[in-house]
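Asks: I have a structure I would like to understand better, so I am pasting it below and will then ask my questions one at a time.
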There are 2 protein chains.
Amino acid sequence: MPPSPSALRVIPLGGLGEIGKNMMLVEYGDAILIVDCGLMFPDETHHGVDIVIPDAQYVLDRRENVVGVVITHGHEDHIGALPHILPELRAPVYGTALTIGLVSVKLRESRQLRGVALETIEPGDTFQLGPFDVTLFRVNHSIPDATGVIISTPVGTIVHTGDFKLDHTPADGKPTDFQRLAQAGSDGVLLLMSDSTYAEIPGHTPSEAVVGKALTRFIGEAQGRVIVASFASLISRIQQVADAAALHGRRLGVVGRSMVDNVQIAMELGYLRIPNGLLIPPNQLDAAVPEETVIMTTGAQGEPTSALVRMSRGTHQQVRIDPGDTVIISSNPIPGNAAVVGRMIDGLFRLGADVLYSATEQVHVRGHASQEDLKLMMRLTRPRYFVPIHGDYRHLVHHTHLAESVGIPGDNIFLMTDGDVLEIDDIGGAAVVDTLNLRDRFVSGLHVGSVDTEVLNERSTLARDGVVAVFLPLDTETHELVGDPTISILGFLDSRRAEELSARACEVVEAAVGRAVDSGGGLAAIESLVQDELSRFIHKDTRRRPRLLIQTTPL
Amino acid sequence: MPPSPSALRVIPLGGLGEIGKNMMLVEYGDAILIVDCGLMFPDETHHGVDIVIPDAQYVLDRRENVVGVVITHGHEDHIGALPHILPELRAPVYGTALTIGLVSVKLRESRQLRGVALETIEPGDTFQLGPFDVTLFRVNHSIPDATGVIISTPVGTIVHTGDFKLDHTPADGKPTDFQRLAQAGSDGVLLLMSDSTYAEIPGHTPSEAVVGKALTRFIGEAQGRVIVASFASLISRIQQVADAAALHGRRLGVVGRSMVDNVQIAMELGYLRIPNGLLIPPNQLDAAVPEETVIMTTGAQGEPTSALVRMSRGTHQQVRIDPGDTVIISSNPIPGNAAVVGRMIDGLFRLGADVLYSATEQVHVRGHASQEDLKLMMRLTRPRYFVPIHGDYRHLVHHTHLAESVGIPGDNIFLMTDGDVLEIDDIGGAAVVDTLNLRDRFVSGLHVGSVDTEVLNERSTLARDGVVAVFLPLDTETHELVGDPTISILGFLDSRRAEELSARACEVVEAAVGRAVDSGGGLAAIESLVQDELSRFIHKDTRRRPRLLIQTTPL
């Protein structure tokens with residue numbers, strides 16, 4: 001359906017129905033504004049996939065219409081797809097200073113920085129992109145310089161909250177811009193799109209100040225070395241740890257590539273204030289006195305190659321966990337990571353560390369608004385229409401219930417998922433008019449999209465029962481075997497049983513070839529009979545169904 | 001180390017350091033008493049493994065010493081390894097009526113029931129097994145007829161709590177036997193072994209009564225059909241749902257094989273009281289009026305083949321989720337299942353159901369004691385020695401802290417893990433004197449132990465990047481290729497890229513064979529050079545490392 005020239009269209013390409021890979025399009029006439037361009041980390045079904053990015057084909061097909069990409073903040077689920085999409089899109093990118101700093105690091109790493117226009121925007125300033133007047137407004141979140149976006153369009157004003165919480169005592173002293181939001185509410189908001197990540201959680205999200213106090217206390221009480229793990233982008237947490245270290249006469253070591261990188265850029269841009277002499281140079285870490293040391297590191301989510309996971313396994317090159325060490329894990333595990341984080345904590349305890357984590361101590365607070373905060377956002381902005389964004393489907397559902405509870409009519413609430421096209425016409429009628437057929441894009445190694453659902457299914461089969469590969473050397477003319485069949489078994493049975501099965505399987509295969517040849521079948525018939533009989537034999541013997549790979553070549 | 005004849009030895013074979021597969025040995029002289037014999041469900045690293053069971057070799061090697069297997073309750077992590085271990089062990093099994101009922105169902109299913117001695121024990125009764133006087137005492141847990149065990153030994157009395165909570169208003173009206181525990185405390189307890197599963201959680205665990213009230217309210221308020229998912233063994237929950245259904249004039253359907261089986265056995269044994277006419281016969285489920293129906297089903301943990309998961313995907317044969325249905329998920333997802341349960345809830349919401357679950361409503365309470373309950377257990381029994389059992393390592397650690405907080409001296413607390421041998425001598429000195437080298441046993445299809453760690457690592461490799469299989473038909477004499485190399489790619493690249501890579505890989509392989517032949521190498525040298533060059537080529541092209549399978553046969 002072609003866009004109506006005088007209608008506003010809102011199209012989520014990611015982030016609605018499944019958390020992560022946030023990307024939102026706002027389209028008016030022949031102008032498209034993009035908000036965020038993020039990645040999603042793979043789940044346990046995405047075997048061997050490095051990252052998942054949104055299907056951006058719709059906007060790539062209309063790249064000449066794109067007036068700009070506005071980034072709300074520097075988290076991976078908002079910037080992480082830029083290296084894969086921006087080179088084709090070739091559009092300017094706008095964001096606050098730290099956000100643009102992190103985007104430029106990301107693009108430089110993947111050698112995509114050249115020729116990209118990056119524009120730093122001051123929160124509160126309004127700038128024009130095609131038919132849109134755009135204002136980034138400050139919000140609190142688990143990274144400094146986070147913003148939402150107000151987009152004035154010819155049809156009305158859109159408020160997109162980005163990811164946010166409401167913190168009256170944030171670590172960086174910069175609260176959410178309630179004035180700007182209330183002003184928008186006074187002037188009239190056509191559409192509010194608001195963060196749903198914690199729409200399940202009743203009450204208010206606690207302030208970062210709670211964590212600052214806890215960290216200060218635990219670092220003060222610790223007898224030996226303290227190791228704090230958190231997100232590399234949670235600069236305010238790093239600041240809190242640095243402040244607590246300084247207060248208690250300890251120096252600060254930074255370990256883990258992304259933590260080192262982010263500390264450096266945050267210091268350069270003035271988002272992290274570290275007194276002279278507090279930082280321990282990397283080459284002096286080994287010699288640091290434990291009881292005078294705090295180490296800030298990565299791995300709070302149990303990422304397999306992260307510093308803390310390697311420490312928990314005793315395989316980190318620089319840092320060995322000793323009895324008497326205190327490890328503080330300053331994060332909540334996301335649901336998919338709970339088991340690996342649990343095993344990491346167990347590993348640290350086994351090495352003799354005392355481990356403090358969010359299940360037992362208040363060493364982390366959530367970075368997203370809870371139910372009462374979300375209601376306040378709606379009361380401040382008083383939108384005509386409401387679309388919950390940034391959440392798994394159940395979070396979006398709960399957010400619609402909150403919207404109803406503050407009096408937004410059900411007909412004005414749109415429970416959309418990725419690809420749905422919301423059209424608001426110039427007399428203010430709104431409806432979901434279309435749904436794009438989106439397919440997640442899997443990034444694996446050097447390639448985007450070389451792994452598809454079929455390949456992932458194949459990997460699941462291989463992971464479940466392994467593979468039995470059979471090679472049949474056949475005579476070109478007679479199709480009889482000219483040598484022994486070769487059978488290789490990978491990831492199916494232990495070596496003793498594999499050998500034993502393989503010997504018996506060989507007889508089954510030879511008999512099947514003989515029978516197929518006798519009945520005058522061609523190569524395809526031979527392969528098919530071998531496949532059937534071998535499959536039956538193996539299932540009878542083991543009750544499993546490994547992937548069979550039958551190869552024949554006429555010789 | 002041979003057991004000292006006058007010392008008591010306590011040896012956990014499972015359940016200490018990793019939740020699940022609970023199995024505890026108590027050994028005195030030449031007598032061994034076994035408490036529980038459970039399984040562990042595989043985690044995401046156990047590709048294709050059906051269940052994990054304890055390494056019972058120590059006790060199988062001494063099977064003539066085994067005086068009996070005492071089962072504390074009928075959950076899988078306490079009985080699930082019996083079909084795999086009992087046939088070799090040939091020892092009598094003791095437990096309360098429902099426990100023995102569930103054990104016999106389990107053994108019958110796996111055709112291991114014949115010749116097994118199953119003895120039903122009344123809680124509170126004392127019976128003799130070799131040198132041990134054994135008493136099962138009633139505890140509350142998320143299954144009826146759950147018990148702990150008091151074991152009087154020549155060296156002193158052991159209290160093993162099994163899994164427990166303290167519930168003053170349990171659904172079945174039978175509280176934990178505080179009298180028996182306090183009596184043991186008065187008489188003197190040598191060793192307390194107590195459930196650590198929720199040693200992280202402060203306060204008291206709420207009563208089942210809380211859930212009963214919530215279920216009654218939600219079933220009363222629901223407009224359409226109600227579907228309640230829980231554990232098939234949580235008979236008290238089924239009773240609560242049946243009572244609520246009857247109260248609100250609804251009939252009860254039961255869906256899911258294990259739910260149907262458990263309802264039947266619980267009714268037969270009198271643990272479930274269902275009024276005549278309340279149950280909907282399976283063949284009448286289709287015709288049942290939605291607003292007069294409650295369906296009790298399985299799948300609360302998102303088990304892939306369970307009824308609720310199939311309903312959430314629209315693939316259940318009998319039950320189709322319709323808008324207006326209310327689904328109540330009456331369980332907490334265990335950490336490893338949080339992501340799949342989340343996706344299942346999303347699926348149910350997408351089909352239009354209203355979903356109530358433990359993150360948002362009190363539709364479940366934990367089945368294990370929290371910190372204050374655990375302290376009460378220690379105050380009641382006043383043990384000399386303490387061993388935390390049943391928990392991941394971090395839970396055991398937290399439980400030792402609780403023990404210290406109620407005044408048990410640190411030297412009398414043993415933080416043991418599976419295989420550790422605690423010896424308490426006849427003058428009451430205790431120490432961990434040895435550690436058995438245990439290896440988890442993986443059950444996969446028909447075989448126990450045909451999958452080892454090596455096979456699991458191979459499966460991980462296959463899952464990550466798939467496999468590239470190369471067959472080289474070589475001349476017996478010259479080792480030159482007598483036909484084209486065959487290259488098959490599984491689970492690595494999509495079909496288009498696989499074909500393209502395979503053509504180029506063929507050239508690399510041919511060149512490598514040529515070079516190896518020219519330098520006079522044998523078959524091994526040829527395989528090795530092909531492996532190296534192909535690996536380098538693929539990694540350069542894709543940055544991935546699929547499993548390479550190089551097969552040569554001289555023809």
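Identifiers in the structure tokens: chain A, B, ... in order shown; residue index from 1 per chain; ligand index from 1 in order shown.
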Excluding same-chain residues fewer than 2 positions from range 95-98 of chain A, what lies within 8 Å of it counting only C-alpha atoms, as a PyMOL selection string?
Replies: chain A and resi 70-74+93+100-102+119-123+136+144-147+266+269+271
Asks: Would you mind exporting all heavy atoms of the selected residues as a compact mmCIF listing (two decimals), in the first residue's frame?
Replies:
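Generated file (part.txt):
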```txt
# COMPACT_ATOMS: atom_id res chain seq x y z
N VAL A 70 18.10 9.16 14.27
CA VAL A 70 18.26 9.73 15.60
C VAL A 70 18.48 8.58 16.59
O VAL A 70 17.71 7.63 16.60
CB VAL A 70 17.00 10.53 16.00
CG1 VAL A 70 17.11 11.02 17.44
CG2 VAL A 70 16.81 11.70 15.05
N ILE A 71 19.55 8.67 17.37
CA ILE A 71 19.86 7.61 18.33
C ILE A 71 19.54 8.13 19.73
O ILE A 71 20.01 9.20 20.12
CB ILE A 71 21.35 7.21 18.24
CG1 ILE A 71 21.71 6.78 16.81
CG2 ILE A 71 21.67 6.12 19.25
CD1 ILE A 71 21.11 5.48 16.36
N THR A 72 18.74 7.36 20.49
CA THR A 72 18.33 7.85 21.81
C THR A 72 19.43 7.70 22.86
O THR A 72 19.54 8.51 23.76
CB THR A 72 17.06 7.10 22.30
OG1 THR A 72 17.34 5.70 22.36
CG2 THR A 72 15.88 7.37 21.37
N HIS A 73 20.24 6.62 22.75
CA HIS A 73 21.35 6.44 23.69
C HIS A 73 22.28 5.37 23.17
O HIS A 73 21.96 4.68 22.19
CB HIS A 73 20.85 6.12 25.10
CG HIS A 73 20.08 4.84 25.19
ND1 HIS A 73 18.76 4.72 24.80
CD2 HIS A 73 20.45 3.61 25.63
CE1 HIS A 73 18.35 3.47 24.99
NE2 HIS A 73 19.36 2.78 25.49
N GLY A 74 23.42 5.19 23.84
CA GLY A 74 24.51 4.41 23.26
C GLY A 74 24.55 2.93 23.55
O GLY A 74 25.59 2.30 23.37
N VAL A 93 23.61 10.70 11.22
CA VAL A 93 23.23 10.16 12.52
C VAL A 93 23.30 11.26 13.56
O VAL A 93 24.28 12.00 13.62
CB VAL A 93 24.16 8.99 12.91
CG1 VAL A 93 23.80 8.45 14.29
CG2 VAL A 93 24.11 7.88 11.87
N ILE A 100 27.03 9.77 20.43
CA ILE A 100 27.80 9.89 19.18
C ILE A 100 29.22 9.37 19.38
O ILE A 100 29.79 8.72 18.49
CB ILE A 100 27.78 11.37 18.69
CG1 ILE A 100 26.36 11.76 18.25
CG2 ILE A 100 28.79 11.59 17.57
CD1 ILE A 100 25.82 10.94 17.08
N GLY A 101 29.79 9.61 20.56
CA GLY A 101 31.12 9.07 20.85
C GLY A 101 31.13 7.56 20.75
O GLY A 101 32.01 6.96 20.12
N LEU A 102 30.13 6.90 21.34
CA LEU A 102 30.07 5.44 21.32
C LEU A 102 29.77 4.92 19.91
O LEU A 102 30.30 3.89 19.49
CB LEU A 102 29.02 4.93 22.32
CG LEU A 102 29.40 5.16 23.79
CD1 LEU A 102 28.20 4.93 24.71
CD2 LEU A 102 30.57 4.26 24.20
N GLU A 119 26.33 13.81 13.98
CA GLU A 119 26.04 15.14 14.49
C GLU A 119 25.72 15.07 15.97
O GLU A 119 24.80 14.36 16.37
CB GLU A 119 24.84 15.75 13.76
CG GLU A 119 24.99 15.86 12.25
CD GLU A 119 25.90 17.01 11.82
OE1 GLU A 119 26.11 17.93 12.64
OE2 GLU A 119 26.41 16.96 10.68
N THR A 120 26.45 15.83 16.76
CA THR A 120 26.19 15.87 18.20
C THR A 120 25.11 16.92 18.51
O THR A 120 25.19 18.06 18.05
CB THR A 120 27.47 16.21 18.97
OG1 THR A 120 28.43 15.20 18.72
CG2 THR A 120 27.20 16.30 20.46
N ILE A 121 24.12 16.49 19.26
CA ILE A 121 22.98 17.34 19.57
C ILE A 121 22.92 17.58 21.09
O ILE A 121 23.12 16.65 21.87
CB ILE A 121 21.67 16.65 19.14
CG1 ILE A 121 21.69 16.34 17.63
CG2 ILE A 121 20.45 17.48 19.53
CD1 ILE A 121 21.70 17.54 16.74
N GLU A 122 22.67 18.82 21.46
CA GLU A 122 22.50 19.15 22.88
C GLU A 122 21.06 18.81 23.28
O GLU A 122 20.12 19.17 22.58
CB GLU A 122 22.77 20.65 23.05
CG GLU A 122 22.95 21.13 24.48
CD GLU A 122 24.17 20.52 25.14
OE1 GLU A 122 25.15 20.19 24.41
OE2 GLU A 122 24.14 20.34 26.37
N PRO A 123 20.88 18.11 24.41
CA PRO A 123 19.50 17.83 24.83
C PRO A 123 18.71 19.13 24.99
O PRO A 123 19.24 20.12 25.52
CB PRO A 123 19.67 17.15 26.20
CG PRO A 123 21.04 16.62 26.21
CD PRO A 123 21.86 17.55 25.35
N LEU A 136 15.72 16.23 21.23
CA LEU A 136 16.11 15.18 22.17
C LEU A 136 15.91 15.72 23.58
O LEU A 136 16.40 16.81 23.89
CB LEU A 136 17.58 14.78 21.96
CG LEU A 136 17.94 14.19 20.61
CD1 LEU A 136 19.42 13.79 20.56
CD2 LEU A 136 17.08 12.97 20.32
N PRO A 144 24.85 7.36 30.67
CA PRO A 144 24.66 8.82 30.66
C PRO A 144 24.18 9.29 29.29
O PRO A 144 24.28 8.56 28.30
CB PRO A 144 26.07 9.37 30.93
CG PRO A 144 26.86 8.24 31.47
CD PRO A 144 26.26 7.00 30.87
N ASP A 145 23.67 10.52 29.30
CA ASP A 145 23.30 11.19 28.06
C ASP A 145 22.20 10.47 27.31
O ASP A 145 22.09 10.59 26.08
CB ASP A 145 24.53 11.32 27.13
CG ASP A 145 25.00 12.77 27.04
OD1 ASP A 145 24.56 13.58 27.89
OD2 ASP A 145 25.78 13.10 26.14
N ALA A 146 21.36 9.73 28.04
CA ALA A 146 20.23 9.06 27.40
C ALA A 146 19.10 10.06 27.17
O ALA A 146 18.92 10.98 27.97
CB ALA A 146 19.73 7.91 28.27
N THR A 147 18.37 9.86 26.08
CA THR A 147 17.31 10.80 25.73
C THR A 147 16.08 10.07 25.20
O THR A 147 16.16 8.91 24.80
CB THR A 147 17.77 11.77 24.61
OG1 THR A 147 18.01 11.01 23.43
CG2 THR A 147 19.02 12.53 25.01
N ALA A 266 34.65 7.83 28.01
CA ALA A 266 33.84 8.60 28.97
C ALA A 266 34.69 9.64 29.68
O ALA A 266 34.23 10.74 29.98
CB ALA A 266 33.19 7.65 29.98
N LEU A 269 35.38 12.52 27.15
CA LEU A 269 34.22 13.37 26.90
C LEU A 269 33.70 14.01 28.19
O LEU A 269 32.70 14.72 28.17
CB LEU A 269 33.11 12.56 26.23
CG LEU A 269 33.41 12.06 24.82
CD1 LEU A 269 32.29 11.15 24.32
CD2 LEU A 269 33.62 13.22 23.85
N TYR A 271 32.43 12.49 30.92
CA TYR A 271 31.32 11.83 31.60
C TYR A 271 31.77 11.04 32.82
O TYR A 271 30.96 10.54 33.58
CB TYR A 271 30.57 10.90 30.64
CG TYR A 271 29.80 11.69 29.61
CD1 TYR A 271 30.39 12.07 28.42
CD2 TYR A 271 28.51 12.12 29.89
CE1 TYR A 271 29.70 12.83 27.50
CE2 TYR A 271 27.82 12.88 28.97
CZ TYR A 271 28.41 13.23 27.78
OH TYR A 271 27.73 14.00 26.89
```
Asks: For chain A, list the residues within 7 Å of chain B, counting only C-alpha atoms, and write the list as JSON, numbers by chain.
Replies: {"A": [47, 48, 200, 335, 336, 338, 339, 345, 346, 349, 360, 393, 394, 445, 446, 447, 450, 451, 452, 455, 456, 458, 459, 460, 462, 463, 464, 465, 466, 483, 490, 491, 492, 493, 494, 497, 542, 543, 544, 555]}
Asks: Per DSSP on the backbone, filter range 249-457 of chain A down to the residues in alpha helix (DSSP H) and report them as a ChimeraX atom specification.
Replies: /A:257-268,307-312,338-350,371-381,393-405,453-457
Asks: Neighbouring residues of Arg225 in chain A were defined as those with any atom within 6 Å, considering only C-alpha atoms; residues of the same chain fewer than 6 positions away were excluded. Please report them as a list of chain:residue names.
Replies: A:Pro290, A:Glu291, A:Thr293, A:Asp325
Asks: In Å to one decimal, how far is CA of Ala242 in chain A from CA of Tyr357 in chain A?
Replies: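 Calculated distance between CA of Tyr357 in chain A and CA of Ala242 in chain A is 18.7 Å.
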Asks: Output as a PyMOL selection string all residues of range 205-378 of chain B that backbone DSSP marks as strand (DSSP E or B).
Replies: chain B and resi 226-229+251-255+279+293-297+326-329+354-357
Asks: Contacts of Arg310 in chain B at 12 Å or less, counting only C-alpha atoms, minus same-chain residues fewer than 3 places along, as a PyMOL selection string?
Replies: chain B and resi 255-256+297-300+302-307+313-321+344-345+347-348
Asks: With only C-alpha atoms as the basis for distance, which of B:Leu380, B:Leu285, B:Leu351, B:Ile34 is at the shortest distance from Asp177 in chain B?
Replies: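 Ranking B:Leu380, B:Leu285, B:Leu351, B:Ile34 by distance to Asp177 in chain B, first place goes to B:Leu380.
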Asks: CA of Glu27 in chain B and CA of Gly410 in chain B are how many Å apart?
Replies: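 Calculated distance between CA of Glu27 in chain B and CA of Gly410 in chain B is 24.3 Å.
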Asks: Would you mind listing what lies within 7 Å of Met193 in chain B as a PyMOL selection string, with only C-alpha atoms counted and same-chain residues fewer than 6 positions away left out?
Replies: chain B and resi 159-161+386-389
Asks: Which residues are near Gly156 in chain A? Cut-off 7 Å, only C-alpha atoms, ignore same chain within fewer than 3 positions. Put them as a ChimeraX atom specification.
Replies: /A:152-153,189-190
Asks: I need the residues from that last selection saved to file as a PDB file, in the first residue's frame (with C-alpha atoms), if you can.
Replies:
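Result saved to result38.pdb:
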```pdb
ATOM      1  CA  SER A 152       6.869  17.586  15.608  1.00  0.00           C
ATOM      2  CA  THR A 153       5.189  16.472  12.402  1.00  0.00           C
ATOM      3  CA  VAL A 189       0.742  15.134  22.064  1.00  0.00           C
ATOM      4  CA  LEU A 190      -0.699  13.111  19.195  1.00  0.00           C
TER       5      LEU A 190
END
```
Asks: B:Arg108, B:Asp172, B:Arg114, B:Asp187: which is nearest Arg273 in chain B, counting only C-alpha atoms?
Replies: B:Asp172
Asks: Got a sec: who's within 8 Å of Gly14 in chain B, counting only C-alpha atoms, leaving out chain neighbours fewer than 3 positions off, as a CSV table (one decimal) with all heavy atoms, in the first residue's frame?
Replies:
```
chain,number,residue,atom,x,y,z
B,18,GLU,N,25.2,-28.5,42.7
B,18,GLU,CA,24.4,-28.4,41.5
B,18,GLU,C,23.1,-28.9,41.8
B,18,GLU,O,22.9,-30.1,42.3
B,18,GLU,CB,25.1,-29.2,40.4
B,18,GLU,CG,24.7,-28.7,39.0
B,18,GLU,CD,25.6,-29.5,37.9
B,18,GLU,OE1,26.1,-30.5,38.2
B,18,GLU,OE2,25.6,-28.9,36.8
B,20,GLY,N,19.6,-30.7,41.9
B,20,GLY,CA,19.0,-31.9,41.2
B,20,GLY,C,19.8,-33.1,41.4
B,20,GLY,O,20.8,-33.1,42.2
B,21,LYS,N,19.4,-34.2,40.8
B,21,LYS,CA,20.0,-35.6,40.9
B,21,LYS,C,20.4,-35.9,42.4
B,21,LYS,O,21.6,-36.2,42.6
B,21,LYS,CB,21.1,-35.9,39.9
B,21,LYS,CG,22.3,-34.9,39.9
B,21,LYS,CD,23.3,-35.4,38.9
B,21,LYS,CE,24.4,-34.4,38.6
B,21,LYS,NZ,25.2,-34.0,39.7
B,22,ASN,N,19.5,-35.7,43.3
B,22,ASN,CA,19.8,-35.9,44.7
B,22,ASN,C,20.0,-37.4,45.1
B,22,ASN,O,19.2,-38.2,44.7
B,22,ASN,CB,18.7,-35.3,45.6
B,22,ASN,CG,18.5,-33.8,45.3
B,22,ASN,OD1,19.4,-33.0,45.7
B,22,ASN,ND2,17.4,-33.4,44.7
B,23,MET,N,21.1,-37.6,45.8
B,23,MET,CA,21.4,-39.0,46.2
B,23,MET,C,22.5,-38.9,47.3
B,23,MET,O,23.6,-38.3,47.1
B,23,MET,CB,22.0,-39.8,45.0
B,23,MET,CG,22.1,-41.3,45.3
B,23,MET,SD,22.5,-42.2,43.8
B,23,MET,CE,22.4,-43.9,44.4
B,24,MET,N,22.1,-39.4,48.5
B,24,MET,CA,23.0,-39.3,49.6
B,24,MET,C,23.3,-40.7,50.2
B,24,MET,O,22.3,-41.5,50.3
B,24,MET,CB,22.3,-38.4,50.7
B,24,MET,CG,23.1,-38.3,52.0
B,24,MET,SD,24.6,-37.3,51.8
B,24,MET,CE,23.9,-35.7,51.6
B,54,PRO,N,23.1,-39.5,38.8
B,54,PRO,CA,24.3,-39.5,39.6
B,54,PRO,C,25.2,-40.7,39.1
B,54,PRO,O,24.8,-41.7,38.6
B,54,PRO,CB,23.9,-39.7,41.0
B,54,PRO,CG,22.4,-39.4,41.0
B,54,PRO,CD,21.9,-39.7,39.6
B,418,ASP,N,29.4,-32.8,45.9
B,418,ASP,CA,29.2,-34.2,45.5
B,418,ASP,C,30.6,-35.0,45.5
B,418,ASP,O,31.5,-34.5,44.9
B,418,ASP,CB,28.6,-34.3,44.1
B,418,ASP,CG,27.2,-33.7,44.1
B,418,ASP,OD1,26.6,-33.6,45.2
B,418,ASP,OD2,26.7,-33.4,43.0
B,419,GLY,N,30.6,-36.1,46.1
B,419,GLY,CA,31.7,-37.0,46.2
B,419,GLY,C,32.6,-36.8,47.4
B,419,GLY,O,33.4,-37.7,47.8
```
